[in-house]
Amino acid sequence: MADYIEATNLKLSKKDMMTCTMCGFCKSVCPSFEGVGWDTGVARGRIILSYGLLTKDIPADDSVVEALYQCTTCKDCERRCPSKIKVVDVVERARKDLVEAGHMLPRHRKVADSVLAHGNPYGETRSVPEALGEKPRRARVGYFAGCTSAYRNPKIAQATISILKKLGEDYTVLNETCCGSVLARIGVSDDDIVKQMQRNVDAIKEQGVEEVLFSCAGCYRMFKEEYPKHVNVPFKVKHISEYLAEKELDMSRLEKRITYHDPCHLGRHSGVYNAPRQVLAKVPGVEFKEMPKSSAESRCCGGGGGVRSAFPELSEKIAGRRVDQAGSAEVLVTCCPFCVTNLRTGGEKIGSKVEICDLVELVEPLL
Ligand code: SF4
Ligand code: SF4
């Protein structure tokens, strides 16, 4: 029997969905459309499906669920849309409605259950400070490592900590739990996300820090853009690239051709474009060249929006195309552990020789 759902969250996007003129401008930039090849895999297709869920003209069958979960929530379509439709809100509200109606993808169910049970999406039972071998204390600056750096890409967290030590910063790691980003992207209820937010804010307040630094673009976006909508955030938040851009850095020479990939969470979602470039400009000897699509026009790495966990092949395909745009660069730098991991996978798939690293991994040995 066809499954018509109660799409209560999508009601908030009704006007947006009705504003879509089907012009198709979004098609030219959508990374998932490049991989999927059907109109259901682009913003206007997702809008039609979402509107159909709302009006109960379209049932929540597997093809609809798949189309709505193959969006990386990169926001590039919003930049191109002449009608200024908030496409990511439409997609994320549709996902909330699907989850409320019992349509969570099995891979996402595992991730959500792990965050709710262990405070991280990876099923880890160690705390972040334990995983990093650090003791949390009171300090001026708190480093929020994020689950991916702490448990899956610890070189990025260790490089950040080492930079803070080398710069003589009064820092501490934080008694953190998952920032809630993954829950928000895959359609988990706001109640569960706000609980994660409040836990983090309370723990950070207890450590008395004035400023929280992030090396993960996704965690940073949550604290900068999403937390203030739900909880009081009584400390400054800064991405590590912004922190480093403000510092006098005495770095050794690095004679390499370097390019930079803007993470969607840091760029289009949080508006941080200059800081990482300013840090790279401080490295003596570097020959910097932008990728063909950069800053607000940057292409997504394909890893966001829960796509990497649910549709790894699509995610790798998008990542491979992005790595290919590095051209003749020797090093492709980015500012997010999730982008680093996904771009490396995509790079391997296309046999690329470009070295892919996080900004902190590049800077740390030069200080
Ligand atoms: S660019 Fe905007 S108005 Fe045009 S089809 Fe895409 S979502 Fe609709
Ligand atoms: S947010 Fe990105 S992946 Fe999703 S529809 Fe828009 S351009 Fe495509």
# chains A, B, ... in the order shown; residues from 1 in each chain; ligands from 1
$ residues_near_ligand --ligand "ligand 2" --cutoff "10 Å" --atoms "only C-alpha atoms and all ligand atoms" --output "JSON, numbers by chain"
{"A": [26, 27, 28, 29, 30, 31, 32, 33, 34, 35, 40, 41, 42, 43, 44, 45, 46, 47, 67, 68, 69, 70, 71, 72, 73, 74, 75, 76, 77, 78, 79, 80, 81, 86, 87, 88, 89, 90, 91, 92, 264, 299, 300, 302, 304, 305, 307]}
$ select_by_dssp --residues "range 90-325 of chain A" --states "strand (DSSP E)" --output "JSON, numbers by chain"
{"A": [141, 142, 143, 144, 171, 172, 173, 211, 212, 213, 214, 236, 237, 238, 239, 257, 258, 259, 260, 287, 288]}
$ residues_around --residues "range 233-239 of chain A" --least-positions-apart "2" --cutoff "6 Å" --atoms "only C-alpha atoms" --output "count of residues only"
7
$ residues_around --residues "Val111 in chain A" --least-positions-apart "2" --cutoff "9 Å" --atoms "only C-alpha atoms" --output "PDB file with C-alpha atoms, in the first residue's frame"
ATOM      1  CA  PRO A 106      19.645   1.867   7.989  1.00  0.00           C
ATOM      2  CA  ARG A 107      23.148   3.426   7.823  1.00  0.00           C
ATOM      3  CA  HIS A 108      21.790   6.649   9.294  1.00  0.00           C
ATOM      4  CA  ARG A 109      19.901   4.771  12.009  1.00  0.00           C
ATOM      5  CA  ASP A 113      21.771   5.513  17.651  1.00  0.00           C
ATOM      6  CA  SER A 114      25.508   5.773  18.262  1.00  0.00           C
ATOM      7  CA  VAL A 115      25.385   9.544  18.843  1.00  0.00           C
ATOM      8  CA  LEU A 116      22.479   9.178  21.253  1.00  0.00           C
ATOM      9  CA  ASN A 120      29.721  10.167  18.788  1.00  0.00           C
ATOM     10  CA  PRO A 121      28.721   8.597  15.453  1.00  0.00           C
ATOM     11  CA  TYR A 122      31.469   5.952  15.490  1.00  0.00           C
ATOM     12  CA  GLY A 123      30.375   3.761  18.416  1.00  0.00           C
ATOM     13  CA  VAL A 182      25.216  14.689  11.692  1.00  0.00           C
ATOM     14  CA  LEU A 183      21.831  14.445  13.466  1.00  0.00           C
ATOM     15  CA  SER A 309      27.638   7.042   5.013  1.00  0.00           C
TER      16      SER A 309
END
$ atom_distance --atom1 "CA of Leu167 in chain A" --atom2 "CA of Lys289 in chain A"
27.9 Å
$ residues_around --residues "Leu98 in chain A" --least-positions-apart "2" --cutoff "10 Å" --atoms "only C-alpha atoms" --output "ChimeraX atom specification"
/A:5-7,9,53,60,64-65,68,92-96,100-105,186-188
$ closest_residue --among "A:Gly168, A:Pro82, A:Pro337, A:Gly37" --to "ligand 1" --atoms "only C-alpha atoms and all ligand atoms"
A:Pro82
$ select_by_dssp --residues "range 75-318 of chain A" --states "alpha helix (DSSP H)" --output "PyMOL selection string"
chain A and resi 76-80+87-100+106-118+128-132+147+154-166+181-186+190-206+217-221+227-230+240-245+274-281+307-310+312-318
$ write_last_selection --atoms "C-alpha atoms" --output "mmCIF file, in the first residue's frame"
data_model
loop_
_atom_site.group_PDB
_atom_site.id
_atom_site.type_symbol
_atom_site.label_atom_id
_atom_site.label_comp_id
_atom_site.auth_asym_id
_atom_site.auth_seq_id
_atom_site.Cartn_x
_atom_site.Cartn_y
_atom_site.Cartn_z
ATOM 1 C CA ASP A 76 25.458 25.652 -4.161
ATOM 2 C CA CYS A 77 21.994 25.545 -5.772
ATOM 3 C CA GLU A 78 20.844 28.341 -3.440
ATOM 4 C CA ARG A 79 23.615 30.555 -4.802
ATOM 5 C CA ARG A 80 22.383 29.960 -8.361
ATOM 6 C CA VAL A 87 16.693 24.418 -0.856
ATOM 7 C CA VAL A 88 18.680 22.972 2.055
ATOM 8 C CA ASP A 89 15.835 23.813 4.450
ATOM 9 C CA VAL A 90 13.386 22.059 2.112
ATOM 10 C CA VAL A 91 15.566 18.947 1.933
ATOM 11 C CA GLU A 92 16.263 18.839 5.671
ATOM 12 C CA ARG A 93 12.591 19.389 6.559
ATOM 13 C CA ALA A 94 11.592 16.618 4.147
ATOM 14 C CA ARG A 95 14.122 14.350 5.861
ATOM 15 C CA LYS A 96 12.678 15.184 9.288
ATOM 16 C CA ASP A 97 9.218 14.263 8.021
ATOM 17 C CA LEU A 98 10.517 11.026 6.522
ATOM 18 C CA VAL A 99 12.271 10.094 9.780
ATOM 19 C CA GLU A 100 9.158 10.909 11.834
ATOM 20 C CA PRO A 106 19.645 1.867 7.989
ATOM 21 C CA ARG A 107 23.148 3.426 7.823
ATOM 22 C CA HIS A 108 21.790 6.649 9.294
ATOM 23 C CA ARG A 109 19.901 4.771 12.009
ATOM 24 C CA LYS A 110 23.210 3.267 13.147
ATOM 25 C CA VAL A 111 24.875 6.702 13.216
ATOM 26 C CA ALA A 112 22.000 8.346 15.101
ATOM 27 C CA ASP A 113 21.771 5.513 17.651
ATOM 28 C CA SER A 114 25.508 5.773 18.262
ATOM 29 C CA VAL A 115 25.385 9.544 18.843
ATOM 30 C CA LEU A 116 22.479 9.178 21.253
ATOM 31 C CA ALA A 117 24.117 6.259 23.116
ATOM 32 C CA HIS A 118 27.820 7.205 23.047
ATOM 33 C CA VAL A 128 37.352 12.758 23.134
ATOM 34 C CA PRO A 129 40.041 13.802 25.683
ATOM 35 C CA GLU A 130 40.837 10.103 26.327
ATOM 36 C CA ALA A 131 41.105 9.404 22.597
ATOM 37 C CA LEU A 132 43.525 12.332 22.248
ATOM 38 C CA CYS A 147 34.316 13.292 16.560
ATOM 39 C CA PRO A 154 43.577 12.157 14.883
ATOM 40 C CA LYS A 155 46.526 13.683 12.967
ATOM 41 C CA ILE A 156 44.383 16.794 12.454
ATOM 42 C CA ALA A 157 43.523 17.066 16.160
ATOM 43 C CA GLN A 158 47.143 16.387 17.176
ATOM 44 C CA ALA A 159 48.429 19.001 14.704
ATOM 45 C CA THR A 160 45.971 21.579 16.094
ATOM 46 C CA ILE A 161 47.021 20.845 19.680
ATOM 47 C CA SER A 162 50.691 21.049 18.703
ATOM 48 C CA ILE A 163 50.104 24.444 17.019
ATOM 49 C CA LEU A 164 48.439 25.774 20.185
ATOM 50 C CA LYS A 165 51.408 24.522 22.246
ATOM 51 C CA LYS A 166 53.985 26.033 19.862
ATOM 52 C CA SER A 181 25.698 18.218 12.964
ATOM 53 C CA VAL A 182 25.216 14.689 11.692
ATOM 54 C CA LEU A 183 21.831 14.445 13.466
ATOM 55 C CA ALA A 184 20.671 17.731 11.915
ATOM 56 C CA ARG A 185 21.731 16.651 8.423
ATOM 57 C CA ILE A 186 19.976 13.257 8.463
ATOM 58 C CA ASP A 190 15.361 18.997 17.092
ATOM 59 C CA ASP A 191 14.784 17.753 20.669
ATOM 60 C CA ASP A 192 17.696 15.312 20.413
ATOM 61 C CA ILE A 193 19.925 17.888 18.695
ATOM 62 C CA VAL A 194 19.228 20.579 21.293
ATOM 63 C CA LYS A 195 20.145 18.102 24.061
ATOM 64 C CA GLN A 196 23.563 17.642 22.397
ATOM 65 C CA MET A 197 23.945 21.420 22.117
ATOM 66 C CA GLN A 198 23.088 22.038 25.773
ATOM 67 C CA ARG A 199 25.444 19.272 26.959
ATOM 68 C CA ASN A 200 28.309 20.884 25.055
ATOM 69 C CA VAL A 201 27.577 24.433 26.188
ATOM 70 C CA ASP A 202 27.308 23.318 29.851
ATOM 71 C CA ALA A 203 30.591 21.355 29.681
ATOM 72 C CA ILE A 204 32.427 24.253 28.016
ATOM 73 C CA LYS A 205 31.081 26.746 30.580
ATOM 74 C CA GLU A 206 32.293 24.495 33.383
ATOM 75 C CA ALA A 217 34.113 22.977 9.545
ATOM 76 C CA GLY A 218 30.920 21.072 10.410
ATOM 77 C CA CYS A 219 31.268 21.548 14.188
ATOM 78 C CA TYR A 220 32.164 25.214 13.647
ATOM 79 C CA ARG A 221 29.066 25.826 11.527
ATOM 80 C CA TYR A 227 23.531 26.757 18.319
ATOM 81 C CA PRO A 228 22.497 30.424 18.802
ATOM 82 C CA LYS A 229 19.041 29.614 17.358
ATOM 83 C CA HIS A 230 18.417 27.145 20.212
ATOM 84 C CA ILE A 240 41.375 27.593 13.644
ATOM 85 C CA SER A 241 42.005 29.303 10.277
ATOM 86 C CA GLU A 242 40.545 32.560 11.669
ATOM 87 C CA TYR A 243 42.673 32.194 14.805
ATOM 88 C CA LEU A 244 45.846 31.631 12.746
ATOM 89 C CA ALA A 245 45.021 34.438 10.294
ATOM 90 C CA ASN A 274 39.504 34.582 3.415
ATOM 91 C CA ALA A 275 41.046 33.280 6.627
ATOM 92 C CA PRO A 276 42.480 30.002 5.240
ATOM 93 C CA ARG A 277 43.864 31.874 2.211
ATOM 94 C CA GLN A 278 45.435 34.488 4.490
ATOM 95 C CA VAL A 279 47.179 31.718 6.443
ATOM 96 C CA LEU A 280 48.478 30.096 3.243
ATOM 97 C CA ALA A 281 49.733 33.510 2.081
ATOM 98 C CA VAL A 307 25.734 11.040 1.660
ATOM 99 C CA ARG A 308 29.099 9.488 2.500
ATOM 100 C CA SER A 309 27.638 7.042 5.013
ATOM 101 C CA ALA A 310 24.543 6.100 2.984
ATOM 102 C CA PRO A 312 29.615 5.902 -0.522
ATOM 103 C CA GLU A 313 29.959 5.307 -4.275
ATOM 104 C CA LEU A 314 28.185 8.569 -5.145
ATOM 105 C CA SER A 315 30.249 10.373 -2.545
ATOM 106 C CA GLU A 316 33.543 9.024 -3.963
ATOM 107 C CA LYS A 317 32.524 9.915 -7.498
ATOM 108 C CA ILE A 318 31.847 13.546 -6.504
#
$ closest_residue --among "A:Glu297, A:Asp170, A:Leu362, A:Glu176" --to "Lys256 in chain A" --atoms "only C-alpha atoms"
A:Leu362
$ decode --residues "range 192-239 of chain A" --atoms "N, CA and C atoms" --output "PDB file, in the first residue's frame"
ATOM      1  N   ASP A 192      16.444  16.040  20.180  1.00  0.00           N
ATOM      2  CA  ASP A 192      17.696  15.312  20.413  1.00  0.00           C
ATOM      3  C   ASP A 192      18.910  16.184  20.093  1.00  0.00           C
ATOM      4  N   ILE A 193      18.791  17.030  19.078  1.00  0.00           N
ATOM      5  CA  ILE A 193      19.925  17.888  18.695  1.00  0.00           C
ATOM      6  C   ILE A 193      20.160  18.945  19.775  1.00  0.00           C
ATOM      7  N   VAL A 194      19.082  19.528  20.265  1.00  0.00           N
ATOM      8  CA  VAL A 194      19.228  20.579  21.293  1.00  0.00           C
ATOM      9  C   VAL A 194      19.830  19.998  22.571  1.00  0.00           C
ATOM     10  N   LYS A 195      19.528  18.744  22.881  1.00  0.00           N
ATOM     11  CA  LYS A 195      20.145  18.102  24.061  1.00  0.00           C
ATOM     12  C   LYS A 195      21.662  18.042  23.889  1.00  0.00           C
ATOM     13  N   GLN A 196      22.114  17.680  22.669  1.00  0.00           N
ATOM     14  CA  GLN A 196      23.563  17.642  22.397  1.00  0.00           C
ATOM     15  C   GLN A 196      24.163  19.043  22.567  1.00  0.00           C
ATOM     16  N   MET A 197      23.461  20.036  22.032  1.00  0.00           N
ATOM     17  CA  MET A 197      23.945  21.420  22.117  1.00  0.00           C
ATOM     18  C   MET A 197      24.105  21.847  23.579  1.00  0.00           C
ATOM     19  N   GLN A 198      23.052  21.588  24.380  1.00  0.00           N
ATOM     20  CA  GLN A 198      23.088  22.038  25.773  1.00  0.00           C
ATOM     21  C   GLN A 198      24.191  21.322  26.554  1.00  0.00           C
ATOM     22  N   ARG A 199      24.372  20.020  26.280  1.00  0.00           N
ATOM     23  CA  ARG A 199      25.444  19.272  26.959  1.00  0.00           C
ATOM     24  C   ARG A 199      26.793  19.919  26.679  1.00  0.00           C
ATOM     25  N   ASN A 200      27.028  20.272  25.417  1.00  0.00           N
ATOM     26  CA  ASN A 200      28.309  20.884  25.055  1.00  0.00           C
ATOM     27  C   ASN A 200      28.493  22.250  25.697  1.00  0.00           C
ATOM     28  N   VAL A 201      27.464  23.087  25.622  1.00  0.00           N
ATOM     29  CA  VAL A 201      27.577  24.433  26.188  1.00  0.00           C
ATOM     30  C   VAL A 201      27.832  24.340  27.698  1.00  0.00           C
ATOM     31  N   ASP A 202      27.120  23.454  28.396  1.00  0.00           N
ATOM     32  CA  ASP A 202      27.308  23.318  29.851  1.00  0.00           C
ATOM     33  C   ASP A 202      28.730  22.868  30.179  1.00  0.00           C
ATOM     34  N   ALA A 203      29.239  21.874  29.416  1.00  0.00           N
ATOM     35  CA  ALA A 203      30.591  21.355  29.681  1.00  0.00           C
ATOM     36  C   ALA A 203      31.642  22.433  29.423  1.00  0.00           C
ATOM     37  N   ILE A 204      31.444  23.210  28.369  1.00  0.00           N
ATOM     38  CA  ILE A 204      32.427  24.253  28.016  1.00  0.00           C
ATOM     39  C   ILE A 204      32.406  25.360  29.079  1.00  0.00           C
ATOM     40  N   LYS A 205      31.202  25.720  29.531  1.00  0.00           N
ATOM     41  CA  LYS A 205      31.081  26.746  30.580  1.00  0.00           C
ATOM     42  C   LYS A 205      31.799  26.294  31.849  1.00  0.00           C
ATOM     43  N   GLU A 206      31.666  25.028  32.167  1.00  0.00           N
ATOM     44  CA  GLU A 206      32.293  24.495  33.383  1.00  0.00           C
ATOM     45  C   GLU A 206      33.809  24.617  33.333  1.00  0.00           C
ATOM     46  N   GLN A 207      34.377  24.577  32.124  1.00  0.00           N
ATOM     47  CA  GLN A 207      35.833  24.689  31.991  1.00  0.00           C
ATOM     48  C   GLN A 207      36.273  26.149  31.902  1.00  0.00           C
ATOM     49  N   GLY A 208      35.313  27.069  31.943  1.00  0.00           N
ATOM     50  CA  GLY A 208      35.626  28.500  32.039  1.00  0.00           C
ATOM     51  C   GLY A 208      36.328  29.095  30.830  1.00  0.00           C
ATOM     52  N   VAL A 209      36.170  28.514  29.645  1.00  0.00           N
ATOM     53  CA  VAL A 209      36.900  29.042  28.484  1.00  0.00           C
ATOM     54  C   VAL A 209      36.185  30.271  27.900  1.00  0.00           C
ATOM     55  N   GLU A 210      37.011  31.192  27.354  1.00  0.00           N
ATOM     56  CA  GLU A 210      36.451  32.419  26.758  1.00  0.00           C
ATOM     57  C   GLU A 210      36.198  32.233  25.266  1.00  0.00           C
ATOM     58  N   GLU A 211      37.035  31.375  24.651  1.00  0.00           N
ATOM     59  CA  GLU A 211      36.988  31.244  23.194  1.00  0.00           C
ATOM     60  C   GLU A 211      37.113  29.774  22.833  1.00  0.00           C
ATOM     61  N   VAL A 212      36.247  29.299  21.934  1.00  0.00           N
ATOM     62  CA  VAL A 212      36.333  27.895  21.505  1.00  0.00           C
ATOM     63  C   VAL A 212      36.825  27.852  20.064  1.00  0.00           C
ATOM     64  N   LEU A 213      37.856  27.033  19.836  1.00  0.00           N
ATOM     65  CA  LEU A 213      38.430  26.884  18.489  1.00  0.00           C
ATOM     66  C   LEU A 213      38.019  25.546  17.880  1.00  0.00           C
ATOM     67  N   PHE A 214      37.835  25.570  16.577  1.00  0.00           N
ATOM     68  CA  PHE A 214      37.393  24.370  15.854  1.00  0.00           C
ATOM     69  C   PHE A 214      38.337  24.098  14.678  1.00  0.00           C
ATOM     70  N   SER A 215      38.673  22.821  14.473  1.00  0.00           N
ATOM     71  CA  SER A 215      39.377  22.471  13.236  1.00  0.00           C
ATOM     72  C   SER A 215      38.400  21.814  12.265  1.00  0.00           C
ATOM     73  N   CYS A 216      37.209  21.456  12.756  1.00  0.00           N
ATOM     74  CA  CYS A 216      36.200  20.835  11.895  1.00  0.00           C
ATOM     75  C   CYS A 216      35.200  21.889  11.424  1.00  0.00           C
ATOM     76  N   ALA A 217      35.027  21.975  10.114  1.00  0.00           N
ATOM     77  CA  ALA A 217      34.113  22.977   9.545  1.00  0.00           C
ATOM     78  C   ALA A 217      32.662  22.708   9.951  1.00  0.00           C
ATOM     79  N   GLY A 218      32.296  21.429  10.061  1.00  0.00           N
ATOM     80  CA  GLY A 218      30.920  21.072  10.410  1.00  0.00           C
ATOM     81  C   GLY A 218      30.582  21.464  11.841  1.00  0.00           C
ATOM     82  N   CYS A 219      31.487  21.164  12.775  1.00  0.00           N
ATOM     83  CA  CYS A 219      31.268  21.548  14.188  1.00  0.00           C
ATOM     84  C   CYS A 219      31.213  23.066  14.300  1.00  0.00           C
ATOM     85  N   TYR A 220      32.118  23.748  13.591  1.00  0.00           N
ATOM     86  CA  TYR A 220      32.164  25.214  13.647  1.00  0.00           C
ATOM     87  C   TYR A 220      30.843  25.812  13.171  1.00  0.00           C
ATOM     88  N   ARG A 221      30.345  25.309  12.046  1.00  0.00           N
ATOM     89  CA  ARG A 221      29.066  25.826  11.527  1.00  0.00           C
ATOM     90  C   ARG A 221      27.956  25.642  12.564  1.00  0.00           C
ATOM     91  N   MET A 222      27.935  24.475  13.217  1.00  0.00           N
ATOM     92  CA  MET A 222      26.890  24.238  14.217  1.00  0.00           C
ATOM     93  C   MET A 222      26.962  25.287  15.319  1.00  0.00           C
ATOM     94  N   PHE A 223      28.140  25.505  15.876  1.00  0.00           N
ATOM     95  CA  PHE A 223      28.266  26.461  16.994  1.00  0.00           C
ATOM     96  C   PHE A 223      28.026  27.898  16.538  1.00  0.00           C
ATOM     97  N   LYS A 224      28.465  28.232  15.338  1.00  0.00           N
ATOM     98  CA  LYS A 224      28.344  29.618  14.881  1.00  0.00           C
ATOM     99  C   LYS A 224      26.937  29.937  14.365  1.00  0.00           C
ATOM    100  N   GLU A 225      26.371  29.021  13.590  1.00  0.00           N
ATOM    101  CA  GLU A 225      25.106  29.316  12.908  1.00  0.00           C
ATOM    102  C   GLU A 225      23.883  28.663  13.561  1.00  0.00           C
ATOM    103  N   GLU A 226      24.026  27.448  14.077  1.00  0.00           N
ATOM    104  CA  GLU A 226      22.849  26.703  14.550  1.00  0.00           C
ATOM    105  C   GLU A 226      22.622  26.806  16.060  1.00  0.00           C
ATOM    106  N   TYR A 227      23.709  26.714  16.860  1.00  0.00           N
ATOM    107  CA  TYR A 227      23.531  26.757  18.319  1.00  0.00           C
ATOM    108  C   TYR A 227      22.781  28.020  18.774  1.00  0.00           C
ATOM    109  N   PRO A 228      23.169  29.224  18.289  1.00  0.00           N
ATOM    110  CA  PRO A 228      22.497  30.424  18.802  1.00  0.00           C
ATOM    111  C   PRO A 228      20.990  30.461  18.548  1.00  0.00           C
ATOM    112  N   LYS A 229      20.497  29.654  17.603  1.00  0.00           N
ATOM    113  CA  LYS A 229      19.041  29.614  17.358  1.00  0.00           C
ATOM    114  C   LYS A 229      18.316  28.843  18.466  1.00  0.00           C
ATOM    115  N   HIS A 230      19.068  28.026  19.230  1.00  0.00           N
ATOM    116  CA  HIS A 230      18.417  27.145  20.212  1.00  0.00           C
ATOM    117  C   HIS A 230      18.910  27.314  21.643  1.00  0.00           C
ATOM    118  N   VAL A 231      20.193  27.667  21.817  1.00  0.00           N
ATOM    119  CA  VAL A 231      20.759  27.744  23.177  1.00  0.00           C
ATOM    120  C   VAL A 231      21.612  29.009  23.310  1.00  0.00           C
ATOM    121  N   ASN A 232      21.825  29.425  24.568  1.00  0.00           N
ATOM    122  CA  ASN A 232      22.692  30.575  24.819  1.00  0.00           C
ATOM    123  C   ASN A 232      24.153  30.134  24.690  1.00  0.00           C
ATOM    124  N   VAL A 233      24.929  30.839  23.887  1.00  0.00           N
ATOM    125  CA  VAL A 233      26.348  30.486  23.686  1.00  0.00           C
ATOM    126  C   VAL A 233      27.221  31.589  24.317  1.00  0.00           C
ATOM    127  N   PRO A 234      27.643  31.396  25.559  1.00  0.00           N
ATOM    128  CA  PRO A 234      28.318  32.486  26.276  1.00  0.00           C
ATOM    129  C   PRO A 234      29.836  32.516  26.087  1.00  0.00           C
ATOM    130  N   PHE A 235      30.328  32.173  24.908  1.00  0.00           N
ATOM    131  CA  PHE A 235      31.766  32.235  24.607  1.00  0.00           C
ATOM    132  C   PHE A 235      31.922  32.511  23.114  1.00  0.00           C
ATOM    133  N   LYS A 236      33.126  32.989  22.736  1.00  0.00           N
ATOM    134  CA  LYS A 236      33.376  33.262  21.312  1.00  0.00           C
ATOM    135  C   LYS A 236      33.658  31.947  20.594  1.00  0.00           C
ATOM    136  N   VAL A 237      33.284  31.870  19.315  1.00  0.00           N
ATOM    137  CA  VAL A 237      33.646  30.682  18.528  1.00  0.00           C
ATOM    138  C   VAL A 237      34.475  31.136  17.313  1.00  0.00           C
ATOM    139  N   LYS A 238      35.505  30.341  17.041  1.00  0.00           N
ATOM    140  CA  LYS A 238      36.414  30.709  15.957  1.00  0.00           C
ATOM    141  C   LYS A 238      36.922  29.449  15.264  1.00  0.00           C
ATOM    142  N   HIS A 239      37.001  29.495  13.950  1.00  0.00           N
ATOM    143  CA  HIS A 239      37.663  28.386  13.267  1.00  0.00           C
ATOM    144  C   HIS A 239      39.169  28.582  13.407  1.00  0.00           C
TER     145      HIS A 239
END
